[in-house]
Every structure is written in C-alpha cells, then in structure tokens.
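J.: Next comes run00.tsv, TSV, N, CA and C atoms:
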```
chain	number	residue	atom	x	y	z
A	1	MET	N	-23.88	34.79	-228.38
A	1	MET	CA	-25.01	35.24	-229.13
A	1	MET	C	-24.95	36.76	-229.22
A	2	THR	N	-25.16	37.27	-230.39
A	2	THR	CA	-25.08	38.72	-230.59
A	2	THR	C	-26.46	39.34	-230.44
A	3	ALA	N	-26.50	40.64	-230.40
A	3	ALA	CA	-27.75	41.38	-230.27
A	3	ALA	C	-28.63	41.16	-231.50
A	4	THR	N	-27.98	41.00	-232.65
A	4	THR	CA	-28.74	40.75	-233.89
A	4	THR	C	-29.44	39.40	-233.81
A	5	ASP	N	-28.75	38.39	-233.30
A	5	ASP	CA	-29.37	37.06	-233.16
A	5	ASP	C	-30.57	37.12	-232.22
A	6	VAL	N	-30.43	37.83	-231.14
A	6	VAL	CA	-31.52	37.95	-230.18
A	6	VAL	C	-32.70	38.68	-230.82
A	7	THR	N	-32.42	39.72	-231.57
A	7	THR	CA	-33.49	40.48	-232.24
A	7	THR	C	-34.21	39.61	-233.26
A	8	LEU	N	-33.45	38.80	-234.03
A	8	LEU	CA	-34.06	37.89	-235.01
A	8	LEU	C	-34.90	36.83	-234.30
A	9	ALA	N	-34.39	36.30	-233.21
A	9	ALA	CA	-35.14	35.29	-232.47
A	9	ALA	C	-36.44	35.88	-231.92
A	10	GLU	N	-36.37	37.09	-231.38
A	10	GLU	CA	-37.58	37.74	-230.87
A	10	GLU	C	-38.58	38.01	-231.99
A	11	ALA	N	-38.10	38.35	-233.16
A	11	ALA	CA	-38.99	38.59	-234.31
A	11	ALA	C	-39.67	37.29	-234.73
A	12	ARG	N	-38.90	36.18	-234.73
A	12	ARG	CA	-39.49	34.87	-235.08
A	12	ARG	C	-40.52	34.46	-234.05
A	13	VAL	N	-40.24	34.71	-232.77
A	13	VAL	CA	-41.19	34.38	-231.71
A	13	VAL	C	-42.46	35.20	-231.88
A	14	ALA	N	-42.31	36.49	-232.17
A	14	ALA	CA	-43.48	37.36	-232.35
A	14	ALA	C	-44.32	36.89	-233.54
A	15	GLU	N	-43.66	36.51	-234.63
A	15	GLU	CA	-44.39	36.01	-235.81
A	15	GLU	C	-45.11	34.70	-235.49
A	16	ALA	N	-44.44	33.80	-234.79
A	16	ALA	CA	-45.07	32.52	-234.41
A	16	ALA	C	-46.27	32.77	-233.50
A	17	ARG	N	-46.14	33.71	-232.56
A	17	ARG	CA	-47.24	34.03	-231.66
A	17	ARG	C	-48.42	34.62	-232.45
A	18	ARG	N	-48.14	35.45	-233.44
A	18	ARG	CA	-49.19	36.05	-234.26
A	18	ARG	C	-49.93	34.96	-235.06
A	19	ARG	N	-49.17	34.03	-235.62
A	19	ARG	CA	-49.81	32.92	-236.37
A	19	ARG	C	-50.64	32.05	-235.44
A	20	LEU	N	-50.12	31.76	-234.24
A	20	LEU	CA	-50.86	30.94	-233.28
A	20	LEU	C	-52.15	31.64	-232.85
A	21	ASP	N	-52.07	32.93	-232.60
A	21	ASP	CA	-53.28	33.68	-232.23
A	21	ASP	C	-54.31	33.62	-233.35
A	22	GLY	N	-53.87	33.72	-234.59
A	22	GLY	CA	-54.79	33.63	-235.73
A	22	GLY	C	-55.44	32.26	-235.81
A	23	THR	N	-54.64	31.22	-235.56
A	23	THR	CA	-55.18	29.86	-235.59
A	23	THR	C	-56.20	29.64	-234.48
A	24	VAL	N	-55.88	30.12	-233.30
A	24	VAL	CA	-56.81	29.99	-232.17
A	24	VAL	C	-58.10	30.75	-232.47
A	25	GLY	N	-58.00	31.93	-233.04
A	25	GLY	CA	-59.19	32.70	-233.39
A	25	GLY	C	-60.06	31.97	-234.41
A	26	ARG	N	-59.42	31.39	-235.42
A	26	ARG	CA	-60.19	30.64	-236.43
A	26	ARG	C	-60.86	29.42	-235.80
A	27	LEU	N	-60.13	28.72	-234.93
A	27	LEU	CA	-60.72	27.55	-234.27
A	27	LEU	C	-61.90	27.94	-233.39
A	28	GLN	N	-61.79	29.04	-232.67
A	28	GLN	CA	-62.89	29.48	-231.83
A	28	GLN	C	-64.13	29.81	-232.66
A	29	SER	N	-63.93	30.45	-233.78
A	29	SER	CA	-65.09	30.78	-234.61
A	29	SER	C	-65.67	29.52	-235.26
A	30	GLU	N	-64.82	28.58	-235.64
A	30	GLU	CA	-65.31	27.33	-236.27
A	30	GLU	C	-66.05	26.46	-235.25
A	31	LEU	N	-65.61	26.46	-234.01
A	31	LEU	CA	-66.18	25.58	-233.00
A	31	LEU	C	-67.23	26.27	-232.12
A	32	GLU	N	-67.71	27.41	-232.54
A	32	GLU	CA	-68.75	28.10	-231.78
A	32	GLU	C	-70.02	27.23	-231.80
A	33	PRO	N	-70.64	26.98	-230.64
A	33	PRO	CA	-71.80	26.08	-230.59
A	33	PRO	C	-72.95	26.49	-231.51
A	34	ARG	N	-73.25	27.77	-231.59
A	34	ARG	CA	-74.35	28.20	-232.47
A	34	ARG	C	-74.03	27.91	-233.93
A	35	ARG	N	-72.80	28.13	-234.31
A	35	ARG	CA	-72.40	27.86	-235.69
A	35	ARG	C	-72.48	26.36	-235.97
A	36	LEU	N	-71.99	25.55	-235.04
A	36	LEU	CA	-72.05	24.10	-235.22
A	36	LEU	C	-73.50	23.63	-235.33
A	37	ALA	N	-74.38	24.20	-234.53
A	37	ALA	CA	-75.79	23.82	-234.60
A	37	ALA	C	-76.40	24.20	-235.95
A	38	ARG	N	-76.06	25.38	-236.45
A	38	ARG	CA	-76.58	25.79	-237.77
A	38	ARG	C	-76.09	24.87	-238.87
A	39	VAL	N	-74.81	24.51	-238.83
A	39	VAL	CA	-74.26	23.62	-239.84
A	39	VAL	C	-74.92	22.24	-239.77
A	40	ALA	N	-75.08	21.72	-238.55
A	40	ALA	CA	-75.71	20.41	-238.40
A	40	ALA	C	-77.16	20.43	-238.88
A	41	LEU	N	-77.88	21.48	-238.57
A	41	LEU	CA	-79.27	21.59	-239.02
A	41	LEU	C	-79.35	21.66	-240.53
A	42	ALA	N	-78.45	22.39	-241.14
A	42	ALA	CA	-78.45	22.49	-242.60
A	42	ALA	C	-78.16	21.13	-243.24
A	43	GLU	N	-77.23	20.38	-242.65
A	43	GLU	CA	-76.92	19.05	-243.20
A	43	GLU	C	-78.08	18.09	-243.04
A	44	VAL	N	-78.73	18.12	-241.87
A	44	VAL	CA	-79.87	17.23	-241.64
A	44	VAL	C	-81.02	17.59	-242.56
A	45	SER	N	-81.27	18.89	-242.72
A	45	SER	CA	-82.36	19.33	-243.60
A	45	SER	C	-82.09	18.89	-245.03
A	46	GLY	N	-80.85	19.04	-245.46
A	46	GLY	CA	-80.49	18.62	-246.81
A	46	GLY	C	-80.66	17.13	-247.00
A	47	SER	N	-80.25	16.35	-246.00
A	47	SER	CA	-80.40	14.89	-246.08
A	47	SER	C	-81.87	14.50	-246.10
A	48	GLY	N	-82.68	15.16	-245.28
A	48	GLY	CA	-84.11	14.87	-245.26
A	48	GLY	C	-84.78	15.18	-246.59
A	49	GLU	N	-84.41	16.30	-247.18
A	49	GLU	CA	-84.98	16.67	-248.47
A	49	GLU	C	-84.59	15.66	-249.55
A	50	ARG	N	-83.34	15.22	-249.52
A	50	ARG	CA	-82.90	14.21	-250.49
A	50	ARG	C	-83.66	12.90	-250.30
A	51	ALA	N	-83.87	12.51	-249.04
A	51	ALA	CA	-84.59	11.27	-248.77
A	51	ALA	C	-86.03	11.36	-249.27
A	52	VAL	N	-86.68	12.48	-249.05
A	52	VAL	CA	-88.06	12.66	-249.52
A	52	VAL	C	-88.10	12.63	-251.04
A	53	ARG	N	-87.15	13.30	-251.68
A	53	ARG	CA	-87.13	13.34	-253.14
A	53	ARG	C	-86.94	11.93	-253.72
A	54	VAL	N	-85.99	11.18	-253.16
A	54	VAL	CA	-85.74	9.82	-253.65
A	54	VAL	C	-86.95	8.93	-253.38
A	55	GLY	N	-87.55	9.10	-252.20
A	55	GLY	CA	-88.73	8.30	-251.85
A	55	GLY	C	-89.89	8.54	-252.79
A	56	THR	N	-90.13	9.80	-253.14
A	56	THR	CA	-91.23	10.08	-254.07
A	56	THR	C	-90.94	9.55	-255.46
A	57	GLU	N	-89.68	9.61	-255.88
A	57	GLU	CA	-89.33	9.05	-257.19
A	57	GLU	C	-89.57	7.54	-257.21
A	58	VAL	N	-89.17	6.85	-256.15
A	58	VAL	CA	-89.38	5.40	-256.07
A	58	VAL	C	-90.87	5.09	-256.03
A	59	ALA	N	-91.64	5.89	-255.30
A	59	ALA	CA	-93.09	5.66	-255.22
A	59	ALA	C	-93.74	5.85	-256.58
A	60	ARG	N	-93.29	6.82	-257.35
A	60	ARG	CA	-93.86	7.03	-258.69
A	60	ARG	C	-93.55	5.86	-259.62
A	61	ARG	N	-92.34	5.31	-259.48
A	61	ARG	CA	-91.96	4.19	-260.35
A	61	ARG	C	-92.60	2.88	-259.92
A	62	ASN	N	-92.89	2.71	-258.62
A	62	ASN	CA	-93.42	1.44	-258.10
A	62	ASN	C	-94.67	1.68	-257.25
A	63	PRO	N	-95.77	2.09	-257.85
A	63	PRO	CA	-96.96	2.37	-257.03
A	63	PRO	C	-97.54	1.12	-256.38
A	64	GLY	N	-97.38	-0.04	-256.99
A	64	GLY	CA	-97.91	-1.28	-256.41
A	64	GLY	C	-97.20	-1.64	-255.11
A	65	VAL	N	-95.90	-1.46	-255.09
A	65	VAL	CA	-95.13	-1.77	-253.89
A	65	VAL	C	-95.52	-0.82	-252.77
A	66	VAL	N	-95.72	0.45	-253.10
A	66	VAL	CA	-96.10	1.43	-252.09
A	66	VAL	C	-97.49	1.10	-251.55
A	67	ALA	N	-98.42	0.75	-252.42
A	67	ALA	CA	-99.77	0.40	-251.98
A	67	ALA	C	-99.73	-0.85	-251.10
A	68	GLY	N	-98.94	-1.85	-251.47
A	68	GLY	CA	-98.81	-3.06	-250.66
A	68	GLY	C	-98.21	-2.76	-249.30
A	69	GLY	N	-97.20	-1.94	-249.28
A	69	GLY	CA	-96.58	-1.57	-248.00
A	69	GLY	C	-97.52	-0.80	-247.11
A	70	ALA	N	-98.29	0.11	-247.71
A	70	ALA	CA	-99.26	0.89	-246.93
A	70	ALA	C	-100.35	-0.01	-246.37
A	71	SER	N	-100.82	-0.96	-247.16
A	71	SER	CA	-101.87	-1.86	-246.66
A	71	SER	C	-101.32	-2.79	-245.58
A	72	LEU	N	-100.09	-3.22	-245.71
A	72	LEU	CA	-99.47	-4.05	-244.67
A	72	LEU	C	-99.33	-3.27	-243.38
A	73	LEU	N	-98.91	-2.04	-243.49
A	73	LEU	CA	-98.78	-1.19	-242.30
A	73	LEU	C	-100.14	-0.97	-241.65
A	74	ALA	N	-101.16	-0.74	-242.47
A	74	ALA	CA	-102.51	-0.56	-241.93
A	74	ALA	C	-102.99	-1.83	-241.24
A	75	ALA	N	-102.69	-2.99	-241.83
A	75	ALA	CA	-103.09	-4.26	-241.22
A	75	ALA	C	-102.39	-4.46	-239.88
A	76	LEU	N	-101.14	-4.07	-239.79
A	76	LEU	CA	-100.43	-4.21	-238.52
A	76	LEU	C	-100.99	-3.27	-237.46
A	77	VAL	N	-101.36	-2.08	-237.88
A	77	VAL	CA	-101.85	-1.09	-236.92
A	77	VAL	C	-103.26	-1.44	-236.44
A	78	VAL	N	-104.13	-1.86	-237.33
A	78	VAL	CA	-105.52	-2.12	-236.95
A	78	VAL	C	-105.87	-3.60	-237.11
A	79	GLY	N	-104.95	-4.47	-236.78
A	79	GLY	CA	-105.15	-5.91	-236.94
A	79	GLY	C	-106.31	-6.46	-236.15
A	80	ARG	N	-106.48	-6.04	-234.91
A	80	ARG	CA	-107.57	-6.56	-234.08
A	80	ARG	C	-108.93	-6.16	-234.63
A	81	GLN	N	-109.02	-4.91	-235.08
A	81	GLN	CA	-110.29	-4.46	-235.62
A	81	GLN	C	-110.64	-5.23	-236.89
A	82	ILE	N	-109.65	-5.52	-237.71
A	82	ILE	CA	-109.90	-6.29	-238.93
A	82	ILE	C	-110.31	-7.71	-238.57
A	83	ALA	N	-109.66	-8.31	-237.58
A	83	ALA	CA	-110.01	-9.66	-237.16
A	83	ALA	C	-111.44	-9.70	-236.63
A	84	ARG	N	-111.83	-8.71	-235.84
A	84	ARG	CA	-113.20	-8.65	-235.33
A	84	ARG	C	-114.20	-8.46	-236.47
A	85	LEU	N	-113.80	-7.70	-237.48
A	85	LEU	CA	-114.69	-7.46	-238.62
A	85	LEU	C	-114.99	-8.76	-239.35
A	86	PHE	N	-114.00	-9.62	-239.50
A	86	PHE	CA	-114.20	-10.89	-240.20
A	86	PHE	C	-114.59	-12.01	-239.26
A	87	GLY	N	-114.75	-11.74	-237.98
A	87	GLY	CA	-115.24	-12.74	-237.04
A	87	GLY	C	-114.20	-13.73	-236.56
A	88	THR	N	-112.96	-13.54	-236.87
A	88	THR	CA	-111.92	-14.44	-236.38
A	88	THR	C	-111.26	-13.79	-235.19
A	89	LYS	N	-111.67	-14.25	-234.05
A	89	LYS	CA	-111.14	-13.68	-232.82
A	89	LYS	C	-110.19	-14.67	-232.20
A	90	LYS	N	-109.04	-14.20	-231.82
A	90	LYS	CA	-108.08	-15.08	-231.17
A	90	LYS	C	-108.59	-15.41	-229.77
A	91	ARG	N	-108.53	-16.67	-229.45
A	91	ARG	CA	-108.92	-17.06	-228.11
A	91	ARG	C	-107.68	-17.16	-227.25
A	92	GLN	N	-107.76	-16.54	-226.13
A	92	GLN	CA	-106.63	-16.60	-225.22
A	92	GLN	C	-106.83	-17.79	-224.29
A	93	LYS	N	-105.76	-18.48	-224.05
A	93	LYS	CA	-105.81	-19.62	-223.16
A	93	LYS	C	-105.99	-19.11	-221.74
A	94	ARG	N	-106.99	-19.63	-221.07
A	94	ARG	CA	-107.27	-19.18	-219.72
A	94	ARG	C	-106.39	-19.93	-218.75
A	95	LEU	N	-105.69	-19.17	-217.95
A	95	LEU	CA	-104.87	-19.79	-216.92
A	95	LEU	C	-105.75	-20.13	-215.73
A	96	PRO	N	-105.50	-21.27	-215.08
A	96	PRO	CA	-106.33	-21.63	-213.93
A	96	PRO	C	-106.09	-20.65	-212.78
A	97	SER	N	-107.16	-20.35	-212.09
A	97	SER	CA	-107.04	-19.44	-210.95
A	97	SER	C	-106.53	-20.23	-209.75
A	98	PRO	N	-106.02	-19.58	-208.73
A	98	PRO	CA	-105.52	-20.30	-207.56
A	98	PRO	C	-106.61	-21.12	-206.87
A	99	GLU	N	-107.87	-20.68	-206.95
A	99	GLU	CA	-108.95	-21.45	-206.33
A	99	GLU	C	-109.17	-22.78	-207.07
A	100	ASP	N	-108.94	-22.81	-208.39
A	100	ASP	CA	-109.13	-24.02	-209.17
A	100	ASP	C	-108.10	-25.09	-208.82
A	101	ILE	N	-106.91	-24.69	-208.49
A	101	ILE	CA	-105.84	-25.67	-208.28
A	101	ILE	C	-105.51	-25.88	-206.80
A	102	ALA	N	-106.24	-25.20	-205.90
A	102	ALA	CA	-105.94	-25.32	-204.48
A	102	ALA	C	-106.37	-26.70	-203.98
A	103	GLN	N	-105.56	-27.33	-203.18
A	103	GLN	CA	-105.83	-28.64	-202.57
A	103	GLN	C	-106.14	-28.41	-201.09
A	104	PRO	N	-107.02	-29.20	-200.51
A	104	PRO	CA	-107.25	-29.02	-199.09
A	104	PRO	C	-105.97	-29.32	-198.32
A	105	ALA	N	-105.75	-28.60	-197.29
A	105	ALA	CA	-104.54	-28.77	-196.49
A	105	ALA	C	-104.62	-30.09	-195.73
A	106	GLU	N	-103.50	-30.75	-195.59
A	106	GLU	CA	-103.45	-31.99	-194.83
A	106	GLU	C	-103.62	-31.69	-193.34
A	107	ARG	N	-104.33	-32.53	-192.70
A	107	ARG	CA	-104.53	-32.30	-191.27
A	107	ARG	C	-103.33	-32.82	-190.53
A	108	THR	N	-102.94	-32.07	-189.58
A	108	THR	CA	-101.85	-32.52	-188.73
A	108	THR	C	-102.44	-33.28	-187.56
A	109	GLY	N	-101.70	-34.17	-187.04
A	109	GLY	CA	-102.19	-34.98	-185.91
A	109	GLY	C	-102.54	-34.12	-184.72
A	110	SER	N	-103.74	-34.41	-184.15
A	110	SER	CA	-104.14	-33.62	-182.99
A	110	SER	C	-104.23	-34.46	-181.75
```
Could you render the structure from this file as structure tokens?

T.:
Amino acid sequence: MTATDVTLAEARVAEARRRLDGTVGRLQSELEPRRLARVALAEVSGSGERAVRVGTEVARRNPGVVAGGASLLAALVVGRQIARLFGTKKRQKRLPSPEDIAQPAERTGS
C-alpha cells in the first residue's frame, strides 16, 4: 500500500465520519421529545377539528337523527327519573334474609 492509498483511505474515512455526524445530528433534532410532543399535538388538534367539522356537517344534513340520538342519550342518563315521573317503578326482587330461612338446630342427644 502506498502513501497515496493511505491518504485516500483516510480522506474517505473522514468524509464518511462527517456524513455520519450529520445524520446523527438530524436524528437527534427529529427525535427531540419536545419536538415530538409538538408534532403529536398538532396532528391530534387537526384530527379533532376535522371530526368536529364533519360532525357538524352531518348534523346539519340529518337533524332528526341528531335529535333522536340526543333524546336516547338523555333517556339513558336520566332513565330512573323518567320512570318515576310516569309512575313505572321497577320492583326489585327481595332476597330472603338469613332470619327468614334459618331452621332450628337439631338437638343432640343429652
């Protein structure tokens, strides 16, 4: 191996090291936790805004479905109060107490 070959090899190594350092630097900046959190928050916010926009468009086109869904949700949330209002109260089956089912103990021979 000549001195020229060694010099070329060292130059290639130096260039490869410079490229690797640049790649590591870019990866560190891309994977910084604060940056990742900002990107994730922006994506979630964008998705939420799209969902709200689509939801309002659907509600404008189908107001009957929205009203039915809202009343069903209200019925589920306040079902007992509505049942009491109309006088239909669910009766719970009463379980017998231990005193109701207790049998006198058998006497042992004395």

J.: As a ChimeraX atom specification, which residues of chain A does DSSP assign to alpha helix (DSSP H)?

T.: /A:3-30,33-61,63-77,79-86,98-101

J.: Kindly give the distance, in Å, that separates CA of Ala67 in chain A and atom N of Gly48 in chain A, rounded to a single decimal.

T.: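 Going from CA of Ala67 in chain A over to atom N of Gly48 in chain A covers 23.6 Å.
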
J.: Work out how far CA of Met1 in chain A is from CA of Arg18 in chain A, in Å to one decimal.

T.: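 Separating CA of Arg18 in chain A from CA of Met1 in chain A is a distance of 24.7 Å.
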
J.: One decimal, Å: what's the distance from CA of Gln28 in chain A over to CA of Ala40 in chain A, could you say?

T.: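 Answer for the CA of Gln28 in chain A to CA of Ala40 in chain A separation: 17.0 Å.
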
J.: Reconstruct range 1-19 of chain A at the level of N, CA, C and O atoms, and format the result as a PDB file, in the coordinates of the input.

T.:
```
ATOM      1  N   MET A   1     -23.880  34.790-228.380  1.00  0.00           N
ATOM      2  CA  MET A   1     -25.010  35.240-229.130  1.00  0.00           C
ATOM      3  C   MET A   1     -24.950  36.760-229.220  1.00  0.00           C
ATOM      4  O   MET A   1     -24.778  37.454-228.238  1.00  0.00           O
ATOM      5  N   THR A   2     -25.160  37.270-230.390  1.00  0.00           N
ATOM      6  CA  THR A   2     -25.080  38.720-230.590  1.00  0.00           C
ATOM      7  C   THR A   2     -26.460  39.340-230.440  1.00  0.00           C
ATOM      8  O   THR A   2     -27.483  38.657-230.402  1.00  0.00           O
ATOM      9  N   ALA A   3     -26.500  40.640-230.400  1.00  0.00           N
ATOM     10  CA  ALA A   3     -27.750  41.380-230.270  1.00  0.00           C
ATOM     11  C   ALA A   3     -28.630  41.160-231.500  1.00  0.00           C
ATOM     12  O   ALA A   3     -29.860  41.109-231.411  1.00  0.00           O
ATOM     13  N   THR A   4     -27.980  41.000-232.650  1.00  0.00           N
ATOM     14  CA  THR A   4     -28.740  40.750-233.890  1.00  0.00           C
ATOM     15  C   THR A   4     -29.440  39.400-233.810  1.00  0.00           C
ATOM     16  O   THR A   4     -30.606  39.278-234.217  1.00  0.00           O
ATOM     17  N   ASP A   5     -28.750  38.390-233.300  1.00  0.00           N
ATOM     18  CA  ASP A   5     -29.370  37.060-233.160  1.00  0.00           C
ATOM     19  C   ASP A   5     -30.570  37.120-232.220  1.00  0.00           C
ATOM     20  O   ASP A   5     -31.606  36.498-232.481  1.00  0.00           O
ATOM     21  N   VAL A   6     -30.430  37.830-231.140  1.00  0.00           N
ATOM     22  CA  VAL A   6     -31.520  37.950-230.180  1.00  0.00           C
ATOM     23  C   VAL A   6     -32.700  38.680-230.820  1.00  0.00           C
ATOM     24  O   VAL A   6     -33.872  38.278-230.669  1.00  0.00           O
ATOM     25  N   THR A   7     -32.420  39.720-231.570  1.00  0.00           N
ATOM     26  CA  THR A   7     -33.490  40.480-232.240  1.00  0.00           C
ATOM     27  C   THR A   7     -34.210  39.610-233.260  1.00  0.00           C
ATOM     28  O   THR A   7     -35.439  39.622-233.358  1.00  0.00           O
ATOM     29  N   LEU A   8     -33.450  38.800-234.030  1.00  0.00           N
ATOM     30  CA  LEU A   8     -34.060  37.890-235.010  1.00  0.00           C
ATOM     31  C   LEU A   8     -34.900  36.830-234.300  1.00  0.00           C
ATOM     32  O   LEU A   8     -36.005  36.488-234.763  1.00  0.00           O
ATOM     33  N   ALA A   9     -34.390  36.300-233.210  1.00  0.00           N
ATOM     34  CA  ALA A   9     -35.140  35.290-232.470  1.00  0.00           C
ATOM     35  C   ALA A   9     -36.440  35.880-231.920  1.00  0.00           C
ATOM     36  O   ALA A   9     -37.505  35.246-231.976  1.00  0.00           O
ATOM     37  N   GLU A  10     -36.370  37.090-231.380  1.00  0.00           N
ATOM     38  CA  GLU A  10     -37.580  37.740-230.870  1.00  0.00           C
ATOM     39  C   GLU A  10     -38.580  38.010-231.990  1.00  0.00           C
ATOM     40  O   GLU A  10     -39.800  37.860-231.804  1.00  0.00           O
ATOM     41  N   ALA A  11     -38.100  38.350-233.160  1.00  0.00           N
ATOM     42  CA  ALA A  11     -38.990  38.590-234.310  1.00  0.00           C
ATOM     43  C   ALA A  11     -39.670  37.290-234.730  1.00  0.00           C
ATOM     44  O   ALA A  11     -40.865  37.270-235.035  1.00  0.00           O
ATOM     45  N   ARG A  12     -38.900  36.180-234.730  1.00  0.00           N
ATOM     46  CA  ARG A  12     -39.490  34.870-235.080  1.00  0.00           C
ATOM     47  C   ARG A  12     -40.520  34.460-234.050  1.00  0.00           C
ATOM     48  O   ARG A  12     -41.587  33.924-234.396  1.00  0.00           O
ATOM     49  N   VAL A  13     -40.240  34.710-232.770  1.00  0.00           N
ATOM     50  CA  VAL A  13     -41.190  34.380-231.710  1.00  0.00           C
ATOM     51  C   VAL A  13     -42.460  35.200-231.880  1.00  0.00           C
ATOM     52  O   VAL A  13     -43.583  34.690-231.757  1.00  0.00           O
ATOM     53  N   ALA A  14     -42.310  36.490-232.170  1.00  0.00           N
ATOM     54  CA  ALA A  14     -43.480  37.360-232.350  1.00  0.00           C
ATOM     55  C   ALA A  14     -44.320  36.890-233.540  1.00  0.00           C
ATOM     56  O   ALA A  14     -45.562  36.864-233.468  1.00  0.00           O
ATOM     57  N   GLU A  15     -43.660  36.510-234.630  1.00  0.00           N
ATOM     58  CA  GLU A  15     -44.390  36.010-235.810  1.00  0.00           C
ATOM     59  C   GLU A  15     -45.110  34.700-235.490  1.00  0.00           C
ATOM     60  O   GLU A  15     -46.271  34.502-235.883  1.00  0.00           O
ATOM     61  N   ALA A  16     -44.440  33.800-234.790  1.00  0.00           N
ATOM     62  CA  ALA A  16     -45.070  32.520-234.410  1.00  0.00           C
ATOM     63  C   ALA A  16     -46.270  32.770-233.500  1.00  0.00           C
ATOM     64  O   ALA A  16     -47.319  32.134-233.643  1.00  0.00           O
ATOM     65  N   ARG A  17     -46.140  33.710-232.560  1.00  0.00           N
ATOM     66  CA  ARG A  17     -47.240  34.030-231.660  1.00  0.00           C
ATOM     67  C   ARG A  17     -48.420  34.620-232.450  1.00  0.00           C
ATOM     68  O   ARG A  17     -49.578  34.297-232.197  1.00  0.00           O
ATOM     69  N   ARG A  18     -48.140  35.450-233.440  1.00  0.00           N
ATOM     70  CA  ARG A  18     -49.190  36.050-234.260  1.00  0.00           C
ATOM     71  C   ARG A  18     -49.930  34.960-235.060  1.00  0.00           C
ATOM     72  O   ARG A  18     -51.157  34.955-235.136  1.00  0.00           O
ATOM     73  N   ARG A  19     -49.170  34.030-235.620  1.00  0.00           N
ATOM     74  CA  ARG A  19     -49.810  32.920-236.370  1.00  0.00           C
ATOM     75  C   ARG A  19     -50.640  32.050-235.440  1.00  0.00           C
ATOM     76  O   ARG A  19     -51.747  31.635-235.798  1.00  0.00           O
TER      77      ARG A  19
END
```
